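my_file-v3.tsv (TSV, C-alpha atoms (C1' of nucleotides))
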```tsv
chain	number	residue	atom	x	y	z
A	1	MET	CA	30.72	-7.85	-61.30
A	2	SER	CA	31.69	-8.71	-57.73
A	3	ARG	CA	32.83	-12.29	-58.39
A	4	LYS	CA	32.54	-14.61	-55.48
A	5	GLY	CA	36.23	-14.84	-54.75
A	6	ARG	CA	37.91	-17.83	-53.22
A	7	LEU	CA	38.28	-16.69	-49.66
A	8	SER	CA	35.40	-18.08	-47.66
A	9	ALA	CA	34.62	-16.83	-44.19
A	10	ALA	CA	35.80	-20.20	-42.94
A	11	VAL	CA	39.25	-19.80	-44.45
A	12	VAL	CA	39.59	-16.38	-42.85
A	13	ARG	CA	38.39	-17.68	-39.50
A	14	ASP	CA	40.81	-20.60	-39.56
A	15	SER	CA	43.85	-18.79	-40.89
A	16	ALA	CA	43.79	-15.63	-38.79
A	17	PRO	CA	44.87	-17.40	-35.57
A	18	VAL	CA	47.72	-19.09	-37.42
A	19	PHE	CA	48.96	-15.77	-38.76
A	20	ALA	CA	48.60	-14.27	-35.30
A	21	ALA	CA	50.77	-17.05	-33.90
A	22	LEU	CA	53.43	-16.42	-36.55
A	23	GLY	CA	53.19	-12.68	-36.03
A	24	ASP	CA	55.63	-12.49	-33.16
A	25	GLU	CA	59.34	-12.42	-33.87
A	26	THR	CA	60.27	-14.79	-31.08
A	27	ARG	CA	57.64	-17.29	-32.14
A	28	LEU	CA	58.54	-17.07	-35.81
A	29	ARG	CA	62.15	-17.68	-34.81
A	30	LEU	CA	61.01	-20.74	-32.84
A	31	VAL	CA	59.17	-22.00	-35.91
A	32	ALA	CA	62.30	-21.42	-37.98
A	33	ARG	CA	64.43	-23.33	-35.48
A	34	LEU	CA	61.98	-26.20	-35.39
A	35	SER	CA	61.84	-26.39	-39.15
A	36	GLU	CA	65.61	-26.31	-39.53
A	37	ARG	CA	66.73	-28.52	-36.69
A	38	GLY	CA	63.71	-30.73	-36.13
A	39	PRO	CA	61.93	-31.58	-32.85
A	40	GLN	CA	63.56	-30.09	-29.77
A	41	SER	CA	63.11	-29.70	-26.04
A	42	ILE	CA	62.12	-26.43	-24.42
A	43	ALA	CA	65.54	-25.88	-22.87
A	44	ARG	CA	67.14	-26.39	-26.27
A	45	LEU	CA	64.74	-23.97	-27.90
A	46	ALA	CA	65.33	-21.37	-25.21
A	47	GLU	CA	69.09	-21.58	-25.76
A	48	GLY	CA	70.39	-18.36	-27.24
A	49	GLU	CA	67.02	-16.65	-27.09
A	50	PRO	CA	67.01	-13.28	-25.37
A	51	VAL	CA	64.06	-14.16	-23.10
A	52	THR	CA	63.53	-16.59	-20.23
A	53	ARG	CA	62.59	-20.23	-20.56
A	54	GLN	CA	59.19	-19.37	-19.13
A	55	ALA	CA	58.58	-16.91	-21.93
A	56	ILE	CA	59.50	-19.59	-24.45
A	57	THR	CA	57.09	-22.02	-22.81
A	58	LYS	CA	54.32	-19.47	-23.17
A	59	HIS	CA	55.14	-18.88	-26.82
A	60	LEU	CA	55.09	-22.61	-27.48
A	61	ARG	CA	51.67	-22.77	-25.83
A	62	VAL	CA	50.45	-20.08	-28.24
A	63	LEU	CA	51.84	-22.01	-31.21
A	64	ALA	CA	50.10	-25.14	-29.95
A	65	ASP	CA	46.77	-23.36	-29.52
A	66	ALA	CA	46.99	-22.16	-33.11
A	67	GLY	CA	47.77	-25.69	-34.23
A	68	VAL	CA	51.20	-24.70	-35.49
A	69	ALA	CA	53.14	-26.96	-33.15
A	70	ARG	CA	52.50	-29.91	-30.90
A	71	ASP	CA	54.38	-31.38	-27.98
A	72	GLN	CA	55.08	-34.83	-26.68
A	73	ARG	CA	56.46	-35.79	-23.30
A	74	ARG	CA	59.67	-37.72	-23.53
A	75	GLY	CA	61.06	-38.73	-20.17
A	76	ARG	CA	61.74	-35.62	-18.18
A	77	GLU	CA	61.70	-33.38	-21.19
A	78	ARG	CA	59.05	-32.29	-23.64
A	79	LEU	CA	59.74	-32.44	-27.34
A	80	TRP	CA	58.16	-29.84	-29.58
A	81	ALA	CA	57.63	-30.23	-33.29
A	82	LEU	CA	55.86	-28.38	-36.05
A	83	GLU	CA	52.45	-29.33	-37.32
A	84	ARG	CA	52.25	-29.11	-41.08
A	85	ARG	CA	48.51	-28.88	-41.48
A	86	SER	CA	47.94	-25.35	-40.19
A	87	LEU	CA	51.04	-23.99	-41.87
A	88	ASP	CA	49.85	-25.35	-45.18
A	89	GLU	CA	46.46	-23.83	-44.55
A	90	ALA	CA	48.04	-20.42	-44.02
A	91	ARG	CA	50.06	-20.81	-47.20
A	92	ARG	CA	46.94	-21.71	-49.11
A	93	CYS	CA	45.19	-18.65	-47.74
A	94	LEU	CA	47.94	-16.39	-49.06
A	95	ASP	CA	47.77	-18.15	-52.40
A	96	LEU	CA	44.06	-17.47	-52.62
A	97	VAL	CA	44.57	-13.79	-51.85
A	98	SER	CA	47.19	-13.65	-54.57
A	99	GLN	CA	44.95	-15.29	-57.13
A	100	ASP	CA	41.93	-13.15	-56.34
A	101	TRP	CA	44.05	-10.05	-56.47
A	102	ASP	CA	45.48	-11.00	-59.86
A	103	GLU	CA	41.99	-11.46	-61.23
A	104	ALA	CA	40.72	-8.22	-59.73
A	105	LEU	CA	43.57	-6.35	-61.39
A	106	ALA	CA	42.89	-8.04	-64.70
A	107	ARG	CA	39.23	-7.04	-64.52
A	108	LEU	CA	40.19	-3.49	-63.63
A	109	LYS	CA	42.56	-3.34	-66.57
A	110	ALA	CA	39.95	-4.71	-68.93
A	111	PHE	CA	37.48	-2.15	-67.61
A	112	VAL	CA	39.84	0.77	-68.10
A	113	GLU	CA	40.61	-0.31	-71.63
A	114	THR	CA	36.96	-0.11	-72.61
B	115	MET	CA	74.42	-31.91	-38.75
B	116	SER	CA	72.62	-28.65	-38.06
B	117	ARG	CA	72.40	-27.48	-41.68
B	118	LYS	CA	72.24	-23.76	-42.15
B	119	GLY	CA	68.58	-23.61	-43.10
B	120	ARG	CA	67.08	-21.02	-45.38
B	121	LEU	CA	65.44	-18.75	-42.86
B	122	SER	CA	67.77	-15.87	-42.18
B	123	ALA	CA	67.22	-13.55	-39.25
B	124	ALA	CA	66.31	-10.89	-41.80
B	125	VAL	CA	63.47	-12.94	-43.24
B	126	VAL	CA	62.08	-13.52	-39.77
B	127	ARG	CA	62.39	-9.86	-38.89
B	128	ASP	CA	60.65	-8.74	-42.07
B	129	SER	CA	57.91	-11.34	-42.14
B	130	ALA	CA	56.77	-11.30	-38.52
B	131	PRO	CA	55.08	-7.88	-38.78
B	132	VAL	CA	53.27	-8.98	-41.93
B	133	PHE	CA	51.94	-12.09	-40.21
B	134	ALA	CA	50.96	-9.98	-37.22
B	135	ALA	CA	48.99	-7.70	-39.53
B	136	LEU	CA	47.21	-10.67	-41.07
B	137	GLY	CA	46.62	-12.21	-37.67
B	138	ASP	CA	43.41	-10.38	-36.90
B	139	GLU	CA	40.14	-11.65	-38.33
B	140	THR	CA	38.82	-8.22	-39.24
B	141	ARG	CA	42.04	-7.30	-40.99
B	142	LEU	CA	42.29	-10.60	-42.83
B	143	ARG	CA	38.72	-10.06	-43.97
B	144	LEU	CA	39.70	-6.59	-45.21
B	145	VAL	CA	42.58	-8.13	-47.14
B	146	ALA	CA	40.18	-10.68	-48.62
B	147	ARG	CA	37.75	-7.94	-49.64
B	148	LEU	CA	40.50	-5.90	-51.23
B	149	SER	CA	41.81	-8.89	-53.12
B	150	GLU	CA	38.38	-9.88	-54.39
B	151	ARG	CA	36.86	-6.55	-55.20
B	152	GLY	CA	39.90	-4.38	-55.84
B	153	PRO	CA	40.71	-0.91	-54.43
B	154	GLN	CA	37.99	0.57	-52.23
B	155	SER	CA	37.21	3.51	-50.00
B	156	ILE	CA	37.10	3.25	-46.23
B	157	ALA	CA	33.31	3.65	-46.08
B	158	ARG	CA	32.93	0.86	-48.62
B	159	LEU	CA	35.27	-1.40	-46.67
B	160	ALA	CA	33.43	-0.69	-43.43
B	161	GLU	CA	30.13	-1.64	-45.03
B	162	GLY	CA	28.80	-4.83	-43.48
B	163	GLU	CA	31.62	-5.07	-40.97
B	164	PRO	CA	30.52	-5.46	-37.36
B	165	VAL	CA	32.74	-2.63	-36.11
B	166	THR	CA	32.81	1.14	-36.56
B	167	ARG	CA	34.42	2.99	-39.42
B	168	GLN	CA	37.03	4.26	-36.96
B	169	ALA	CA	38.02	0.71	-36.11
B	170	ILE	CA	38.37	-0.05	-39.82
B	171	THR	CA	40.56	3.03	-40.26
B	172	LYS	CA	42.82	1.82	-37.49
B	173	HIS	CA	43.06	-1.63	-39.02
B	174	LEU	CA	43.95	-0.16	-42.38
B	175	ARG	CA	46.67	1.88	-40.68
B	176	VAL	CA	48.08	-1.36	-39.24
B	177	LEU	CA	48.03	-3.00	-42.66
B	178	ALA	CA	49.81	0.01	-44.12
B	179	ASP	CA	52.49	-0.02	-41.42
B	180	ALA	CA	53.17	-3.66	-42.22
B	181	GLY	CA	53.39	-2.81	-45.91
B	182	VAL	CA	50.38	-4.97	-46.74
B	183	ALA	CA	48.24	-2.14	-48.08
B	184	ARG	CA	48.67	1.41	-49.24
B	185	ASP	CA	46.27	4.30	-49.63
B	186	GLN	CA	45.83	7.10	-52.07
B	187	ARG	CA	43.65	10.20	-51.69
B	188	ARG	CA	41.03	10.50	-54.37
B	189	GLY	CA	38.91	13.58	-53.99
B	190	ARG	CA	37.10	13.42	-50.70
B	191	GLU	CA	37.70	9.74	-50.28
B	192	ARG	CA	40.74	7.57	-49.75
B	193	LEU	CA	41.24	4.48	-51.84
B	194	TRP	CA	42.95	1.50	-50.28
B	195	ALA	CA	44.65	-1.26	-52.21
B	196	LEU	CA	46.83	-4.24	-51.46
B	197	GLU	CA	50.58	-4.20	-51.80
B	198	ARG	CA	51.87	-7.38	-53.35
B	199	ARG	CA	55.44	-7.19	-52.21
B	200	SER	CA	54.99	-7.94	-48.51
B	201	LEU	CA	52.35	-10.58	-49.12
B	202	ASP	CA	54.71	-12.39	-51.46
B	203	GLU	CA	57.42	-12.09	-48.85
B	204	ALA	CA	55.21	-13.77	-46.27
B	205	ARG	CA	54.36	-16.53	-48.72
B	206	ARG	CA	58.01	-17.10	-49.41
B	207	CYS	CA	58.69	-17.29	-45.69
B	208	LEU	CA	56.13	-20.06	-45.29
B	209	ASP	CA	57.62	-21.85	-48.28
B	210	LEU	CA	61.06	-21.77	-46.68
B	211	VAL	CA	59.69	-23.18	-43.44
B	212	SER	CA	58.05	-25.96	-45.41
B	213	GLN	CA	61.21	-26.83	-47.30
B	214	ASP	CA	63.42	-26.80	-44.22
B	215	TRP	CA	60.93	-28.93	-42.37
B	216	ASP	CA	60.80	-31.45	-45.19
B	217	GLU	CA	64.55	-31.76	-45.16
B	218	ALA	CA	64.73	-32.04	-41.39
B	219	LEU	CA	62.24	-34.89	-41.49
B	220	ALA	CA	64.16	-36.61	-44.24
B	221	ARG	CA	67.37	-36.39	-42.21
B	222	LEU	CA	65.57	-37.69	-39.15
B	223	LYS	CA	64.20	-40.60	-41.12
B	224	ALA	CA	67.59	-41.43	-42.59
B	225	PHE	CA	69.09	-41.28	-39.11
B	226	VAL	CA	66.49	-43.59	-37.61
B	227	GLU	CA	67.00	-46.09	-40.40
B	228	THR	CA	70.69	-46.42	-39.59
C	229	DG	C1'	70.21	-41.06	-2.29
C	230	DA	C1'	72.15	-36.46	-3.42
C	231	DA	C1'	72.83	-33.32	-7.11
C	232	DA	C1'	71.79	-31.83	-11.38
C	233	DT	C1'	68.59	-31.20	-15.08
C	234	DA	C1'	63.93	-30.26	-17.39
C	235	DG	C1'	59.96	-28.35	-16.79
C	236	DG	C1'	55.33	-26.60	-14.43
C	237	DC	C1'	52.54	-23.25	-11.70
C	238	DA	C1'	51.14	-18.90	-9.97
C	239	DA	C1'	51.35	-14.14	-9.14
C	240	DC	C1'	52.47	-9.95	-10.76
C	241	DT	C1'	53.69	-5.86	-14.02
C	242	DA	C1'	53.45	-3.12	-18.00
C	243	DT	C1'	52.19	-2.07	-22.45
C	244	DA	C1'	49.94	-2.70	-26.84
C	245	DG	C1'	45.76	-3.45	-29.23
C	246	DG	C1'	40.91	-3.42	-30.53
C	247	DG	C1'	37.08	-0.92	-29.82
C	248	DT	C1'	34.16	3.09	-28.72
C	249	DT	C1'	32.33	8.02	-28.66
C	250	DG	C1'	32.25	12.90	-29.74
C	251	DC	C1'	33.31	16.34	-32.57
C	252	DC	C1'	35.79	18.72	-36.38
C	253	DT	C1'	37.28	19.38	-41.48
C	254	DA	C1'	37.09	18.75	-46.39
C	255	DT	C1'	34.70	17.71	-50.53
C	256	DT	C1'	30.54	16.82	-53.24
C	257	DT	C1'	25.91	17.35	-54.65
C	258	DC	C1'	21.48	19.68	-55.25
D	259	DG	C1'	25.15	28.05	-50.08
D	260	DA	C1'	22.94	24.25	-47.41
D	261	DA	C1'	22.92	19.40	-46.78
D	262	DA	C1'	24.93	15.23	-47.34
D	263	DT	C1'	29.01	12.41	-47.62
D	264	DA	C1'	33.94	10.80	-46.55
D	265	DG	C1'	37.14	10.94	-43.47
D	266	DG	C1'	40.48	12.70	-39.46
D	267	DC	C1'	41.68	13.57	-34.52
D	268	DA	C1'	41.76	12.77	-29.72
D	269	DA	C1'	40.47	10.87	-25.48
D	270	DC	C1'	39.13	7.11	-23.24
D	271	DC	C1'	38.17	1.94	-21.73
D	272	DC	C1'	39.25	-2.75	-21.22
D	273	DT	C1'	41.56	-6.90	-22.12
D	274	DA	C1'	45.10	-9.65	-24.10
D	275	DT	C1'	49.84	-10.44	-24.20
D	276	DA	C1'	54.84	-10.52	-23.47
D	277	DG	C1'	57.64	-10.63	-20.00
D	278	DT	C1'	59.37	-11.32	-15.27
D	279	DT	C1'	60.38	-13.74	-10.62
D	280	DG	C1'	60.02	-17.26	-7.14
D	281	DC	C1'	59.32	-21.64	-5.97
D	282	DC	C1'	57.77	-26.53	-6.60
D	283	DT	C1'	57.80	-31.33	-8.96
D	284	DA	C1'	59.56	-35.00	-11.76
D	285	DT	C1'	63.23	-37.43	-13.84
D	286	DT	C1'	68.09	-38.48	-14.62
D	287	DT	C1'	72.76	-39.12	-13.47
D	288	DC	C1'	76.68	-40.09	-10.46
```
Whole structure given in structure tokens:
Amino acid sequence: MSRKGRLSAAVVRDSAPVFAALGDETRLRLVARLSERGPQSIARLAEGEPVTRQAITKHLRVLADAGVARDQRRGRERLWALERRSLDEARRCLDLVSQDWDEALARLKAFVET
Amino acid sequence: MSRKGRLSAAVVRDSAPVFAALGDETRLRLVARLSERGPQSIARLAEGEPVTRQAITKHLRVLADAGVARDQRRGRERLWALERRSLDEARRCLDLVSQDWDEALARLKAFVET
DNA sequence: GAAATAGGCAACTATAGGGTTGCCTATTTC
DNA sequence: GAAATAGGCAACCCTATAGTTGCCTATTTC
């Protein structure tokens, strides 16, 4: 009983900040925009958003700190783009949860049927 | 240009709270525990955690509000288990981001090569 | 070089969130 | 039925966070 499971403490420690970064509607919308329309400037990203440019800047900072996005100065503007690594990591984390959960259910079922 | 993208406003609205729920280390650890060892009582889940049982209760409440977990009274204890639906939803959201991003990069590359 | 554009910095506000403690209730167990 | 066990409720603290406003700097553009 009590199989090891796939989710190491390290995975949890690394993924939690990424999820936290994605856990705000404005930020998730920014991620969506960046994924759909590619690298963009702050002003462009703030366009149509219900909050100020400053707020957007802060959100981008949060995404950067979580490793979800990175920026690059380009003349007078600053281009933001997604960073695949951390997003993939988060996906993998959810996959592991799924797999462990499937197995746990299977064990439970087997146990009940005994 | 500016393809529609797969991430509807609805997906963003639904997924953000799930990510927020997973965005705390303690809660993500709870999710990991539940996925590895199946349904458990609050006391059991609090075992070994560095915070009080009350804190764990609050975290479970957050997970429930996000639809990530659900509870069921069982005699004097309360069994908590994961809810697949919302976790799958979050996974799908990350998949969509990935796909859109891949396409955006491909378009960018094609554009540069012209 | 003046005007417009893109962004940075700092101070400030308000609320949500994680955590605690103290005490009370319900259900088992002996 | 007394003691142990599982959990709920409420008040409280402190910090992180989302947001704002005001103003300053750097780069384009005309």
Enumerate as a list in words the residues belonging to chain A that approach chain B to within 7 Å, with all atoms listed in the file taken into account.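 Close enough to count are Ser2, Gly5, Leu7, Val12, Arg13, Ala16, Pro17, Val18, Phe19, Ala20, Leu22, Gly23, Asp24, Glu25, Leu28, Arg29, Ala32, Ser35, Glu36, Arg37, Gly38, Arg91, Leu94, Val97, Asp100, Trp101, Ala104 and Leu105 of chain A.
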I'd like a table as a Markdown table: residues in chain B with an atom no more than 7 Å from chain C, each row giving the shortest atom pair and its distance in Å to one decimal, all atoms listed in the file counted, sorted by chain and rising residue number.
```
| residue | atom | partner | partner_atom | distance |
| --- | --- | --- | --- | --- |
| B:Ala169 | CA | C:DG247 | C1' | 6.6 |
| B:Gly189 | CA | C:DT255 | C1' | 6.8 |
| B:Arg190 | CA | C:DT255 | C1' | 4.9 |
```
With only C-alpha atoms (C1' of nucleotides) as the basis for distance, which of A:Val51, A:Leu63, A:Leu79, A:Ala69 is at the shortest distance from chain D?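 For chain D, the nearest of the candidates is A:Val51.
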Starting from 8 Å padding per side, set up an axis-aligned box that covers all listed atoms of range 120-125 of chain B and hand over centre and edge lengths in Å, one decimal, as JSON.
```
{"center_x": 65.6, "center_y": -16.0, "center_z": -42.3, "size_x": 20.3, "size_y": 26.1, "size_z": 22.1}
```
Pull the closest atom pair for each residue of chain D that gets at most 8 Å from chain A, along with the distance in Å to one decimal, counting all atoms listed in the file, ordering rows by chain and then ascending residue number, as JSON lines.
```
{"residue": "D:DA276", "atom": "C1'", "partner": "A:Ala55", "partner_atom": "CA", "distance": 7.6}
{"residue": "D:DG277", "atom": "C1'", "partner": "A:Ala55", "partner_atom": "CA", "distance": 6.6}
{"residue": "D:DA284", "atom": "C1'", "partner": "A:Arg76", "partner_atom": "CA", "distance": 6.8}
{"residue": "D:DT285", "atom": "C1'", "partner": "A:Arg76", "partner_atom": "CA", "distance": 4.9}
{"residue": "D:DT286", "atom": "C1'", "partner": "A:Arg76", "partner_atom": "CA", "distance": 7.8}
```
Expected file contents, prior selection, C-alpha atoms (C1' of nucleotides), as a CSV table (one decimal), in the coordinates of the input:
```
chain,number,residue,atom,x,y,z
D,276,DA,C1',54.8,-10.5,-23.5
D,277,DG,C1',57.6,-10.6,-20.0
D,284,DA,C1',59.6,-35.0,-11.8
D,285,DT,C1',63.2,-37.4,-13.8
D,286,DT,C1',68.1,-38.5,-14.6
```
